[in-house]
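S.K.: See data_15.pdb below, with PDB, C-alpha atoms and all ligand atoms.
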```
ATOM      1  CA  MET D 157      -8.150 -13.380 -26.462
ATOM      2  CA  ASN D 158      -7.306  -9.754 -26.002
ATOM      3  CA  ARG D 159      -8.933  -9.178 -22.688
ATOM      4  CA  ILE D 160      -6.944  -8.383 -19.569
ATOM      5  CA  ARG D 161      -7.673 -10.458 -16.497
ATOM      6  CA  ILE D 162      -7.033  -8.938 -13.064
ATOM      7  CA  ALA D 163      -6.949 -10.990  -9.858
ATOM      8  CA  ILE D 164      -8.147  -9.268  -6.707
ATOM      9  CA  GLN D 165      -8.915 -10.532  -3.194
ATOM     10  CA  LYS D 166     -12.408 -12.000  -2.959
ATOM     11  CA  SER D 167     -13.148 -11.033   0.607
ATOM     12  CA  GLY D 168     -10.788  -9.442   3.072
ATOM     13  CA  ARG D 169      -8.951  -6.263   3.882
ATOM     14  CA  LEU D 170      -7.969  -5.476   0.289
ATOM     15  CA  SER D 171     -11.219  -6.375  -1.514
ATOM     16  CA  GLU D 172     -13.223  -3.193  -1.269
ATOM     17  CA  ARG D 173     -10.359  -0.811  -1.976
ATOM     18  CA  SER D 174      -9.086  -2.892  -4.909
ATOM     19  CA  LEU D 175     -12.501  -2.880  -6.543
ATOM     20  CA  ALA D 176     -13.089   0.812  -5.797
ATOM     21  CA  LEU D 177      -9.728   1.694  -7.338
ATOM     22  CA  LEU D 178     -10.524  -0.168 -10.568
ATOM     23  CA  GLN D 179     -13.983   1.399 -10.676
ATOM     24  CA  SER D 180     -12.499   4.853 -10.268
ATOM     25  CA  CYS D 181     -10.440   4.096 -13.407
ATOM     26  CA  GLY D 182     -13.767   3.847 -15.233
ATOM     27  CA  LEU D 183     -14.098   0.036 -15.209
ATOM     28  CA  ARG D 184     -17.517  -1.552 -14.735
ATOM     29  CA  PHE D 185     -18.248  -5.231 -14.286
ATOM     30  CA  ALA D 186     -21.148  -7.622 -14.738
ATOM     31  CA  ARG D 187     -21.068  -9.854 -11.681
ATOM     32  CA  SER D 188     -21.365 -13.546 -12.354
ATOM     33  CA  LYS D 189     -23.598 -15.801 -10.277
ATOM     34  CA  ASP D 190     -20.732 -17.645  -8.621
ATOM     35  CA  LYS D 191     -19.187 -14.227  -7.925
ATOM     36  CA  LEU D 192     -15.701 -15.466  -8.862
ATOM     37  CA  TYR D 193     -15.488 -14.064 -12.362
ATOM     38  CA  TRP D 194     -16.699 -10.569 -13.217
ATOM     39  CA  TYR D 195     -16.954  -9.666 -16.868
ATOM     40  CA  GLY D 196     -15.799  -6.185 -17.859
ATOM     41  CA  GLN D 197     -18.375  -3.986 -19.564
ATOM     42  CA  ASP D 198     -17.274  -1.192 -21.928
ATOM     43  CA  PHE D 199     -13.630  -2.096 -21.424
ATOM     44  CA  PRO D 200     -12.041  -5.555 -22.077
ATOM     45  CA  VAL D 201     -10.833  -6.024 -18.516
ATOM     46  CA  ASP D 202     -12.242  -8.880 -16.409
ATOM     47  CA  LEU D 203     -11.851  -9.679 -12.726
ATOM     48  CA  LEU D 204     -11.059 -12.930 -10.979
ATOM     49  CA  LEU D 205     -11.912 -12.931  -7.276
ATOM     50  CA  VAL D 206      -9.643 -15.224  -5.264
ATOM     51  CA  ARG D 207      -7.823 -15.646  -1.948
ATOM     52  CA  ASP D 208      -4.986 -13.155  -1.737
ATOM     53  CA  ASP D 209      -2.369 -15.895  -1.234
ATOM     54  CA  ASP D 210      -3.200 -17.349  -4.670
ATOM     55  CA  ILE D 211      -2.646 -14.107  -6.588
ATOM     56  CA  PRO D 212       1.148 -14.310  -7.120
ATOM     57  CA  ARG D 213       0.895 -17.863  -8.469
ATOM     58  CA  LEU D 214      -1.942 -16.923 -10.838
ATOM     59  CA  LEU D 215       0.351 -14.262 -12.291
ATOM     60  CA  MET D 216       3.408 -16.511 -12.431
ATOM     61  CA  ASP D 217       1.386 -19.194 -14.225
ATOM     62  CA  GLY D 218      -0.028 -16.665 -16.699
ATOM     63  CA  VAL D 219      -3.638 -17.298 -15.629
ATOM     64  CA  CYS D 220      -4.054 -13.584 -14.863
ATOM     65  CA  ASP D 221      -2.276 -10.590 -16.396
ATOM     66  CA  LEU D 222      -2.496  -8.296 -13.386
ATOM     67  CA  GLY D 223      -3.127  -8.693  -9.676
ATOM     68  CA  ILE D 224      -3.574  -6.513  -6.613
ATOM     69  CA  VAL D 225      -1.988  -8.017  -3.518
ATOM     70  CA  GLY D 226       0.065  -7.024  -0.467
ATOM     71  CA  GLN D 227       3.805  -6.638  -1.028
ATOM     72  CA  ASN D 228       4.202  -8.962   1.971
ATOM     73  CA  ILE D 229       2.573 -11.821   0.067
ATOM     74  CA  ALA D 230       4.276 -11.060  -3.234
ATOM     75  CA  ARG D 231       7.678 -11.097  -1.494
ATOM     76  CA  GLU D 232       6.887 -14.249   0.468
ATOM     77  CA  VAL D 233       5.812 -16.228  -2.606
ATOM     78  CA  THR D 234       8.778 -14.990  -4.660
ATOM     79  CA  LEU D 235      11.161 -16.077  -1.895
ATOM     80  CA  GLU D 236       9.437 -19.465  -1.559
ATOM     81  CA  ASN D 237      10.336 -19.930  -5.231
ATOM     82  CA  ASP D 238      13.964 -18.984  -4.536
ATOM     83  CA  ASN D 239      13.404 -15.931  -6.744
ATOM     84  CA  THR D 240      13.252 -18.196  -9.795
ATOM     85  CA  GLU D 241       9.960 -16.646 -10.847
ATOM     86  CA  SER D 242       9.177 -13.085 -10.034
ATOM     87  CA  LEU D 243       6.474 -10.523 -10.432
ATOM     88  CA  GLU D 244       6.730  -7.031 -11.734
ATOM     89  CA  GLU D 245       5.513  -4.384  -9.307
ATOM     90  CA  LEU D 246       3.781  -1.850 -11.566
ATOM     91  CA  ARG D 247       2.420   0.561  -8.944
ATOM     92  CA  SER D 248       2.376   0.595  -5.161
ATOM     93  CA  LEU D 249      -1.017   1.610  -3.811
ATOM     94  CA  GLU D 250      -2.072   3.686  -0.856
ATOM     95  CA  PHE D 251      -3.991   1.009   1.037
ATOM     96  CA  GLY D 252      -3.386  -2.234   2.895
ATOM     97  CA  ARG D 253      -0.570  -0.490   4.713
ATOM     98  CA  CYS D 254       0.999  -2.615   7.476
ATOM     99  CA  ARG D 255       4.371  -3.745   8.762
ATOM    100  CA  LEU D 256       5.902  -7.155   9.375
ATOM    101  CA  SER D 257       7.334  -6.917  12.868
ATOM    102  CA  ILE D 258       9.090  -9.106  15.359
ATOM    103  CA  ALA D 259       7.307  -9.116  18.715
ATOM    104  CA  VAL D 260       8.076 -10.796  22.026
ATOM    105  CA  PRO D 261       6.169 -11.281  25.306
ATOM    106  CA  GLU D 262       6.233  -8.155  27.502
ATOM    107  CA  LYS D 263       8.135  -9.954  30.265
ATOM    108  CA  SER D 264      10.596 -11.815  28.045
ATOM    109  CA  GLY D 265      13.547  -9.531  28.787
ATOM    110  CA  VAL D 266      14.506  -9.658  25.103
ATOM    111  CA  SER D 267      15.461  -6.180  23.943
ATOM    112  CA  SER D 268      16.735  -6.632  20.391
ATOM    113  CA  VAL D 269      16.366  -9.097  17.530
ATOM    114  CA  ALA D 270      20.020 -10.057  17.970
ATOM    115  CA  ASP D 271      18.955 -11.761  21.236
ATOM    116  CA  LEU D 272      16.696 -14.068  19.200
ATOM    117  CA  ASP D 273      19.560 -15.894  17.519
ATOM    118  CA  GLY D 274      18.855 -19.625  17.879
ATOM    119  CA  SER D 275      15.289 -19.207  19.167
ATOM    120  CA  ARG D 276      11.946 -20.153  17.627
ATOM    121  CA  ILE D 277       9.882 -17.506  15.844
ATOM    122  CA  ALA D 278       6.295 -18.193  14.747
ATOM    123  CA  SER D 279       5.141 -16.604  11.493
ATOM    124  CA  SER D 280       2.793 -16.841   8.544
ATOM    125  CA  TYR D 281       5.608 -15.344   6.470
ATOM    126  CA  PRO D 282       8.401 -17.871   7.051
ATOM    127  CA  ALA D 283      10.496 -17.200   3.946
ATOM    128  CA  LEU D 284      10.330 -13.415   4.288
ATOM    129  CA  THR D 285      11.042 -13.535   8.014
ATOM    130  CA  GLN D 286      14.006 -15.886   7.564
ATOM    131  CA  ALA D 287      15.475 -13.719   4.791
ATOM    132  CA  LEU D 288      15.074 -10.442   6.689
ATOM    133  CA  LEU D 289      16.511 -11.913   9.887
ATOM    134  CA  ALA D 290      19.460 -13.321   7.949
ATOM    135  CA  GLU D 291      20.155  -9.781   6.670
ATOM    136  CA  ARG D 292      20.434  -8.793  10.328
ATOM    137  CA  GLY D 293      22.732 -11.708  11.085
ATOM    138  CA  VAL D 294      20.072 -13.565  13.098
ATOM    139  CA  ASN D 295      19.529 -17.259  12.562
ATOM    140  CA  ALA D 296      16.248 -18.480  14.045
ATOM    141  CA  GLU D 297      14.058 -21.535  13.688
ATOM    142  CA  ILE D 298      10.848 -20.407  11.945
ATOM    143  CA  VAL D 299       7.663 -22.122  13.087
ATOM    144  CA  LYS D 300       5.180 -21.795  10.251
ATOM    145  CA  LEU D 301       1.599 -20.983  11.297
ATOM    146  CA  SER D 302      -1.221 -20.008   8.990
ATOM    147  CA  GLY D 303      -3.143 -17.930  11.525
ATOM    148  CA  SER D 304      -3.361 -16.766  15.165
ATOM    149  CA  VAL D 305       0.390 -16.315  15.262
ATOM    150  CA  GLU D 306       0.060 -14.009  18.277
ATOM    151  CA  ILE D 307      -0.881 -16.861  20.617
ATOM    152  CA  ALA D 308       2.246 -18.940  19.853
ATOM    153  CA  PRO D 309       4.442 -17.563  22.688
ATOM    154  CA  GLY D 310       1.635 -18.152  25.231
ATOM    155  CA  LEU D 311       1.298 -21.736  24.014
ATOM    156  CA  GLY D 312       5.040 -22.253  24.291
ATOM    157  CA  THR D 313       5.520 -23.083  20.609
ATOM    158  CA  ALA D 314       7.823 -20.105  19.986
ATOM    159  CA  GLU D 315       9.758 -17.436  21.899
ATOM    160  CA  ALA D 316       8.809 -14.666  19.491
ATOM    161  CA  ILE D 317       6.534 -13.946  16.540
ATOM    162  CA  SER D 318       6.910 -12.226  13.200
ATOM    163  CA  ASP D 319       3.493 -10.918  12.193
ATOM    164  CA  LEU D 320       1.708  -8.136  10.357
ATOM    165  CA  VAL D 321       0.837  -5.147  12.531
ATOM    166  CA  SER D 322      -1.286  -2.157  11.694
ATOM    167  CA  THR D 323      -2.697  -0.528  14.825
ATOM    168  CA  GLY D 324      -0.810  -2.710  17.326
ATOM    169  CA  THR D 325      -4.042  -3.628  19.151
ATOM    170  CA  THR D 326      -3.603  -7.367  18.593
ATOM    171  CA  LEU D 327      -0.083  -7.291  20.025
ATOM    172  CA  ARG D 328      -1.168  -5.332  23.102
ATOM    173  CA  ALA D 329      -4.162  -7.630  23.694
ATOM    174  CA  ASN D 330      -1.760 -10.580  23.740
ATOM    175  CA  HIS D 331       0.818  -8.873  25.980
ATOM    176  CA  LEU D 332       3.406  -8.719  23.231
ATOM    177  CA  VAL D 333       5.745  -5.823  22.460
ATOM    178  CA  GLU D 334       7.023  -4.853  19.031
ATOM    179  CA  LEU D 335      10.791  -5.268  18.898
ATOM    180  CA  GLU D 336      11.664  -4.322  15.353
ATOM    181  CA  VAL D 337       9.973  -3.640  12.039
ATOM    182  CA  LEU D 338      11.338  -6.047   9.420
ATOM    183  CA  PHE D 339       9.343  -4.910   6.408
ATOM    184  CA  GLU D 340       6.868  -2.143   5.497
ATOM    185  CA  SER D 341       4.111  -3.200   3.140
ATOM    186  CA  THR D 342       1.240  -1.768   1.119
ATOM    187  CA  ALA D 343      -0.976  -3.294  -1.505
ATOM    188  CA  ALA D 344       0.476  -3.098  -5.003
ATOM    189  CA  LEU D 345      -0.492  -3.753  -8.592
ATOM    190  CA  TYR D 346       1.622  -6.539 -10.045
ATOM    191  CA  GLY D 347       2.104  -7.788 -13.571
ATOM    192  CA  GLN D 348       3.640 -10.911 -15.016
ATOM    193  CA  GLN D 349       7.298 -11.047 -15.841
ATOM    194  CA  THR D 350       6.611 -12.569 -19.270
ATOM    195  CA  GLY D 351       5.623 -10.169 -22.038
ATOM    196  CA  LEU D 352       2.006  -9.435 -22.942
ATOM    197  CA  SER D 353       0.667  -9.454 -26.499
ATOM    198  CA  LYS D 354       0.822  -6.104 -28.291
ATOM    199  CA  GLU D 355      -2.927  -5.544 -27.858
ATOM    200  CA  LYS D 356      -2.835  -6.369 -24.159
ATOM    201  CA  GLN D 357       0.210  -4.145 -23.675
ATOM    202  CA  GLU D 358      -1.669  -1.213 -25.216
ATOM    203  CA  LEU D 359      -4.634  -1.874 -22.972
ATOM    204  CA  LEU D 360      -2.355  -2.070 -19.940
ATOM    205  CA  GLU D 361      -0.785   1.280 -20.786
ATOM    206  CA  LEU D 362      -4.188   2.914 -21.079
ATOM    207  CA  LEU D 363      -5.198   1.436 -17.741
ATOM    208  CA  LEU D 364      -1.960   2.551 -16.058
ATOM    209  CA  ALA D 365      -2.413   6.116 -17.354
ATOM    210  CA  ARG D 366      -5.897   6.250 -15.824
ATOM    211  CA  LEU D 367      -4.595   4.703 -12.616
ATOM    212  CA  ASP D 368      -1.846   7.312 -12.382
ATOM    213  CA  GLY D 369      -4.458  10.062 -12.735
ATOM    214  CA  VAL D 370      -6.507   8.548  -9.923
ATOM    215  CA  LEU D 371      -3.514   7.994  -7.641
ATOM    216  CA  GLN D 372      -2.159  11.474  -8.252
ATOM    217  CA  ALA D 373      -5.484  13.160  -7.501
ATOM    218  CA  ALA D 374      -5.930  11.027  -4.365
ATOM    219  CA  GLU D 375      -2.613  12.182  -2.973
ATOM    220  CA  SER D 376      -2.866  15.790  -4.111
ATOM    221  CA  LYS D 377      -4.253  18.490  -1.857
ATOM    222  CA  TYR D 378      -5.183  22.082  -2.496
ATOM    223  CA  VAL D 379      -3.725  24.163   0.302
ATOM    224  CA  MET D 380      -4.740  27.709   1.202
ATOM    225  CA  LEU D 381      -3.029  29.712   3.915
ATOM    226  CA  HIS D 382      -1.967  33.162   5.049
ATOM    227  CA  ALA D 383       1.774  33.805   5.306
ATOM    228  CA  PRO D 384       4.122  36.629   6.226
ATOM    229  CA  ARG D 385       5.280  38.179   2.934
ATOM    230  CA  GLU D 386       8.961  37.538   3.757
ATOM    231  CA  SER D 387       8.353  33.808   4.492
ATOM    232  CA  VAL D 388       6.699  32.883   1.191
ATOM    233  CA  GLU D 389       9.808  31.162  -0.137
ATOM    234  CA  GLU D 390      10.342  29.139   3.040
ATOM    235  CA  ILE D 391       6.666  28.185   3.209
ATOM    236  CA  THR D 392       6.636  27.055  -0.431
ATOM    237  CA  ARG D 393       9.614  24.817   0.337
ATOM    238  CA  LEU D 394       7.694  23.259   3.244
ATOM    239  CA  LEU D 395       4.740  22.302   1.016
ATOM    240  CA  PRO D 396       5.465  18.788  -0.321
ATOM    241  CA  GLY D 397       5.438  18.641  -4.116
ATOM    242  CA  ALA D 398       4.127  22.200  -4.619
ATOM    243  CA  GLU D 399       5.230  24.366  -7.511
ATOM    244  CA  ASN D 400       4.449  27.999  -8.319
ATOM    245  CA  PRO D 401       1.901  28.898  -5.671
ATOM    246  CA  SER D 402      -0.555  31.721  -6.371
ATOM    247  CA  LEU D 403      -0.145  34.778  -4.150
ATOM    248  CA  MET D 404      -2.868  37.290  -3.333
ATOM    249  CA  ASN D 405      -2.713  40.502  -1.340
ATOM    250  CA  LEU D 406      -4.623  40.732   1.901
ATOM    251  CA  GLU D 407      -6.457  44.054   2.159
ATOM    252  CA  SER D 408      -6.485  43.893   5.942
ATOM    253  CA  ASP D 409      -2.748  43.261   6.436
ATOM    254  CA  PRO D 410      -0.085  44.416   3.950
ATOM    255  CA  THR D 411       2.627  42.367   5.746
ATOM    256  CA  ARG D 412       0.858  39.080   4.928
ATOM    257  CA  VAL D 413      -0.331  37.366   1.733
ATOM    258  CA  ALA D 414      -2.822  34.604   0.908
ATOM    259  CA  LEU D 415      -1.034  31.652  -0.696
ATOM    260  CA  HIS D 416      -2.756  28.875  -2.690
ATOM    261  CA  ALA D 417      -0.899  25.788  -3.942
ATOM    262  CA  VAL D 418      -1.464  22.214  -5.085
ATOM    263  CA  CYS D 419       0.660  19.732  -3.137
ATOM    264  CA  ARG D 420       1.297  16.665  -5.285
ATOM    265  CA  GLU D 421       2.751  14.588  -2.466
ATOM    266  CA  ALA D 422       1.163  13.327   0.759
ATOM    267  CA  LEU D 423       0.595  16.048   3.297
ATOM    268  CA  PHE D 424       0.867  15.043   6.944
ATOM    269  CA  TRP D 425       0.125  16.840  10.216
ATOM    270  CA  GLU D 426       3.898  17.331  10.630
ATOM    271  CA  HIS D 427       3.923  19.417   7.438
ATOM    272  CA  LEU D 428       1.090  21.608   8.735
ATOM    273  CA  GLU D 429       2.849  22.054  12.057
ATOM    274  CA  ALA D 430       6.048  23.081  10.267
ATOM    275  CA  LEU D 431       4.060  25.603   8.196
ATOM    276  CA  LYS D 432       2.550  27.052  11.335
ATOM    277  CA  GLY D 433       6.043  27.236  12.843
ATOM    278  CA  ALA D 434       7.147  29.261   9.819
ATOM    279  CA  GLY D 435       4.398  31.824  10.461
ATOM    280  CA  ALA D 436       1.512  30.467   8.364
ATOM    281  CA  SER D 437      -2.022  30.907   9.673
ATOM    282  CA  ALA D 438      -5.580  30.102   8.527
ATOM    283  CA  ILE D 439      -4.304  26.870   6.913
ATOM    284  CA  LEU D 440      -6.978  25.060   4.900
ATOM    285  CA  VAL D 441      -6.418  21.730   3.126
ATOM    286  CA  LEU D 442      -8.890  20.563   0.458
ATOM    287  CA  SER D 443      -9.110  17.301  -1.487
ATOM    288  CA  VAL D 444      -8.592  17.318  -5.234
ATOM    289  CA  GLU D 445     -11.192  15.328  -7.124
ATOM    290  CA  LYS D 446      -9.773  15.178 -10.634
ATOM    291  CA  MET D 447      -6.577  16.397 -12.199
ATOM    292  CA  LEU D 448      -5.341  16.854 -15.726
ATOM    293  CA  GLY D 449      -2.003  18.219 -16.814
TER     294      GLY D 449
HETATM  295  O1  LIG D 501      -9.006 -15.042   2.781
HETATM  296  P1  LIG D 501      -7.738 -14.454   2.304
HETATM  297  O2  LIG D 501      -6.569 -15.403   2.312
HETATM  298  O3  LIG D 501      -7.911 -13.762   0.969
HETATM  299  O4  LIG D 501      -7.413 -13.246   3.320
HETATM  300  P2  LIG D 501      -6.409 -13.168   4.567
HETATM  301  O5  LIG D 501      -7.186 -13.417   5.788
HETATM  302  O6  LIG D 501      -5.176 -13.954   4.321
HETATM  303  O7  LIG D 501      -5.922 -11.657   4.470
HETATM  304  P3  LIG D 501      -6.503 -10.313   5.099
HETATM  305  O8  LIG D 501      -7.726  -9.885   4.370
HETATM  306  O9  LIG D 501      -6.535 -10.370   6.589
HETATM  307  O10 LIG D 501      -5.269  -9.349   4.719
HETATM  308  C1  LIG D 501      -4.959  -9.073   3.396
HETATM  309  C2  LIG D 501      -3.741  -8.162   3.360
HETATM  310  O11 LIG D 501      -4.033  -6.949   4.072
HETATM  311  C3  LIG D 501      -2.484  -8.667   4.013
HETATM  312  O12 LIG D 501      -1.754  -9.583   3.217
HETATM  313  C4  LIG D 501      -1.713  -7.381   4.220
HETATM  314  O13 LIG D 501      -1.049  -7.016   3.023
HETATM  315  C5  LIG D 501      -2.812  -6.355   4.495
HETATM  316  N1  LIG D 501      -2.941  -5.979   5.925
HETATM  317  C6  LIG D 501      -2.940  -4.693   6.375
HETATM  318  C7  LIG D 501      -3.096  -6.781   6.982
HETATM  319  C8  LIG D 501      -3.166  -5.966   8.114
HETATM  320  N2  LIG D 501      -3.084  -4.672   7.708
HETATM  321  C9  LIG D 501      -3.351  -6.560   9.430
HETATM  322  N3  LIG D 501      -3.399  -5.838  10.420
HETATM  323  N4  LIG D 501      -3.197  -8.132   7.098
HETATM  324  C10 LIG D 501      -3.378  -8.679   8.308
HETATM  325  N5  LIG D 501      -3.451  -7.963   9.467
HETATM  326  C11 LIG D 501      -3.682  -8.745  10.735
HETATM  327  C12 LIG D 501      -2.396  -9.239  11.382
HETATM  328  O14 LIG D 501      -2.009 -10.487  10.834
HETATM  329  C13 LIG D 501      -2.789  -9.378  12.844
HETATM  330  O15 LIG D 501      -3.480 -10.586  13.086
HETATM  331  O16 LIG D 501      -4.325  -7.965  11.709
HETATM  332  C14 LIG D 501      -3.792  -8.229  12.994
HETATM  333  C15 LIG D 501      -3.041  -7.036  13.514
HETATM  334  O17 LIG D 501      -3.779  -5.868  13.357
HETATM  335  P4  LIG D 501      -3.672  -4.696  14.440
HETATM  336  O18 LIG D 501      -4.473  -3.574  13.873
HETATM  337  O19 LIG D 501      -4.269  -5.231  15.720
HETATM  338  O20 LIG D 501      -2.219  -4.326  14.599
HETATM  339 ZN    ZN D 502      -4.633 -14.928   2.710
END
```
Could I get this file's structure written as structure tokens?
Ligand code: PRT
Ligand code: ZN
M.R.:
Amino acid sequence: MNRIRIAIQKSGRLSERSLALLQSCGLRFARSKDKLYWYGQDFPVDLLLVRDDDIPRLLMDGVCDLGIVGQNIAREVTLENDNTESLEELRSLEFGRCRLSIAVPEKSGVSSVADLDGSRIASSYPALTQALLAERGVNAEIVKLSGSVEIAPGLGTAEAISDLVSTGTTLRANHLVELEVLFESTAALYGQQTGLSKEKQELLELLLARLDGVLQAAESKYVMLHAPRESVEEITRLLPGAENPSLMNLESDPTRVALHAVCREALFWEHLEALKGAGASAILVLSVEKMLG
């Protein structure tokens, strides 16, 4: 059957964004009663809604062609399989951002991961944690927990934890401090390692082209600012991913120009501060809705 099947998380942190991303690529689905299988309308792409932990296996077993899951889980499952089966990361996505960090109790006196050699570390990501600690020359006993990892040190089952962190609120609430980031993760679109049929491959390429358009527009910003005439070159360099800005004269001030540019890479507050430092003023940043060419 030449329909592509995509696995996404049924309910959790990645669900809404995964679905919204596919919808913004022009996909529409008829929701089934059991809500686990959504049939694609207009486009032969169907959805399977599952627990995120099951997504890598569904791809490895060829049950699904594509899946959206955190890189943390994809790496963990690949390592559990001793890298004998792997997944192909097709695109990393801009959501589900978090980090896998080692944390210890505030009063532990431990100041670096090297001090954890020989101790017990609780984690829901045992294979990933073990591998990343080994890279740092640390050999620890991993205590595998499927949830509430942050309470392990208080219960005395481990001296440290290795857990996902986004805001850090959970760590602070449990009087834990972040010692080191082991791994940075975002959600990603994965494919199977085995080849797809010619028809499915063509469909996948069409889907990826639409996805690239959506991702590019999401990251791109239209920036308008005023700049000293002599700093235009420097300011253009400070705009991430901008080419050939448009320049306009300012009637009120011949020493300054209005500069408009599309930044094709993420624009952070640090970039704006650097622009201001280089003499830019009246900086306006607008979202780009669609982009072509
Ligand atoms: O039911 P199912 O198995 O599908 O869902 P789940 O409960 O296993 O996963 P879910 O929905 O919690 O997370 C899905 C994915 O979101 C993860 O695999 C990560 O890729 C990503 N993600 C991003 C996070 C976080 N941020 C996050 N903060 N996953 C979990 N957390 C947890 C973390 O484990 C800790 O308990 O949130 C807490 C820390 O958050 P802060 O904000 O207090 O630091
Ligand atoms: Zn899960």
S.K.: Spell out the residues picked by the PyMOL selection byres (((chain D and resi 226) around 12) and not hetatm) here, as a ChimeraX atom specification.
M.R.: /D:164-165,168-171,174,207-212,223-225,227-233,245,247-256,320,339-346
S.K.: Out of D:Thr392, D:Ser318, D:Ser264, D:Asn400, which residue has the shortest atom-to-atom distance to ligand LIG 501 (chain D) when counting all atoms listed in the file?
M.R.: D:Ser318
S.K.: May I have the residues within 9 Å of region 328-331 of chain D as number ranges by chain, using all atoms listed in the file and disregarding those fewer than 6 positions away in the same chain?
M.R.: D: 260-263, 306-307, 310
S.K.: Find the residue from D:Met216, D:Gln286, D:Gly303, D:Leu192 that sits nearest to ligand ZN 502 (chain D); use all atoms listed in the file when measuring.
M.R.: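 Smallest separation from ligand ZN 502 (chain D) among the options: D:Gly303.
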S.K.: Would you compute, for all listed atoms of ligand LIG 501 (chain D), the axis-aligned bounding box grown by 3 Å on each side, and then report its centre and edge lengths in Å rounded to one decimal, as lines of an AutoDock Vina configuration file?
M.R.:
```
center_x = -5.0
center_y = -9.5
center_z = 8.3
size_x = 14.0
size_y = 17.8
size_z = 20.8
```
S.K.: Enter the distance from CA of Val370 (chain D) to CA of Lys446 (chain D), in Å, rounded to one decimal.
M.R.: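 Computing it gives 7.4 Å between the two atoms.
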S.K.: May I have the residues within 12 Å of Leu364 (chain D) as a VMD selection string, using all atoms listed in the file and disregarding those fewer than 5 positions away in the same chain?
M.R.: chain D and resid 177 to 178 181 to 182 222 246 to 248 345 to 347 357 to 359 369 to 372
S.K.: Write a file of the selected residues as a JSON list (two decimals), in the coordinates of the input, keeping C-alpha atoms.
M.R.:
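What landed in out-v2.json:
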```
[["chain", "number", "residue", "atom", "x", "y", "z"],
["D", 177, "LEU", "CA", -9.73, 1.69, -7.34],
["D", 178, "LEU", "CA", -10.52, -0.17, -10.57],
["D", 181, "CYS", "CA", -10.44, 4.10, -13.41],
["D", 182, "GLY", "CA", -13.77, 3.85, -15.23],
["D", 222, "LEU", "CA", -2.50, -8.30, -13.39],
["D", 246, "LEU", "CA", 3.78, -1.85, -11.57],
["D", 247, "ARG", "CA", 2.42, 0.56, -8.94],
["D", 248, "SER", "CA", 2.38, 0.60, -5.16],
["D", 345, "LEU", "CA", -0.49, -3.75, -8.59],
["D", 346, "TYR", "CA", 1.62, -6.54, -10.04],
["D", 347, "GLY", "CA", 2.10, -7.79, -13.57],
["D", 357, "GLN", "CA", 0.21, -4.14, -23.68],
["D", 358, "GLU", "CA", -1.67, -1.21, -25.22],
["D", 359, "LEU", "CA", -4.63, -1.87, -22.97],
["D", 369, "GLY", "CA", -4.46, 10.06, -12.74],
["D", 370, "VAL", "CA", -6.51, 8.55, -9.92],
["D", 371, "LEU", "CA", -3.51, 7.99, -7.64],
["D", 372, "GLN", "CA", -2.16, 11.47, -8.25]]
```
S.K.: I'd like to know which of D:Leu394, D:Ala383, D:Val321, D:Met404 is closest to Ser437 (chain D), using all atoms listed in the file.
M.R.: D:Ala383
S.K.: At most 12 Å from (4.7, 22.3, 8.0), file frame, only C-alpha atoms: which residues, as number ranges by chain?
M.R.: D: 379, 381, 390-396, 423-437, 439
S.K.: Which one of D:Leu442, D:Ile317, D:Ile162, D:Val206 sits closest to ligand ZN 502 (chain D) if you count all atoms listed in the file?
M.R.: D:Val206
S.K.: Report, in Å with one decimal, the straight-line distance from CA of Cys220 (chain D) to CA of Asp202 (chain D).
M.R.: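 Between CA of Cys220 (chain D) and CA of Asp202 (chain D) the gap is 9.6 Å.
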S.K.: Which is closer to ligand ZN 502 (chain D) than all the others in D:Ser302, D:Ser408, D:Ser353, D:Thr325, using all atoms listed in the file?
M.R.: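 Closest to ligand ZN 502 (chain D) of all the choices is D:Ser302.
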S.K.: Here is a test: counting only C-alpha atoms, which residue of D:Leu363, D:Ala287, D:Val418, D:Val413 is nearest to Ser180 (chain D)?
M.R.: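 Comparing D:Leu363, D:Ala287, D:Val418, D:Val413 against Ser180 (chain D), the winner is D:Leu363.
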S.K.: Atom N1 of ligand LIG 501 (chain D) and CA of Glu336 (chain D) are how many Å apart?
M.R.: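 Separating atom N1 of ligand LIG 501 (chain D) from CA of Glu336 (chain D) is a distance of 17.5 Å.
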S.K.: Specify as a PDB file with C-alpha atoms, in the frame of the given file each residue included when the PyMOL selection byres (((chain D and resi 348) around 6) and not hetatm) is applied to this file.
M.R.:
```
ATOM      1  CA  LEU D 215       0.351 -14.262 -12.291  1.00  0.00           C
ATOM      2  CA  LEU D 243       6.474 -10.523 -10.432  1.00  0.00           C
ATOM      3  CA  GLU D 244       6.730  -7.031 -11.734  1.00  0.00           C
ATOM      4  CA  GLY D 347       2.104  -7.788 -13.571  1.00  0.00           C
ATOM      5  CA  GLN D 349       7.298 -11.047 -15.841  1.00  0.00           C
ATOM      6  CA  THR D 350       6.611 -12.569 -19.270  1.00  0.00           C
TER       7      THR D 350
END
```
S.K.: As a check of understanding, name the residues that the PyMOL selection byres (((chain D and resi 279) around 7) and not hetatm) selects in the supplied structure, as a list in words.
M.R.: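 This file gives the following for the PyMOL selection byres (((chain D and resi 279) around 7) and not hetatm): Ile277, Ala278, Ser280, Tyr281, Pro282, Ile298, Val299, Lys300, Leu301, Val305, Ile317, Ser318 and Asp319 of chain D.
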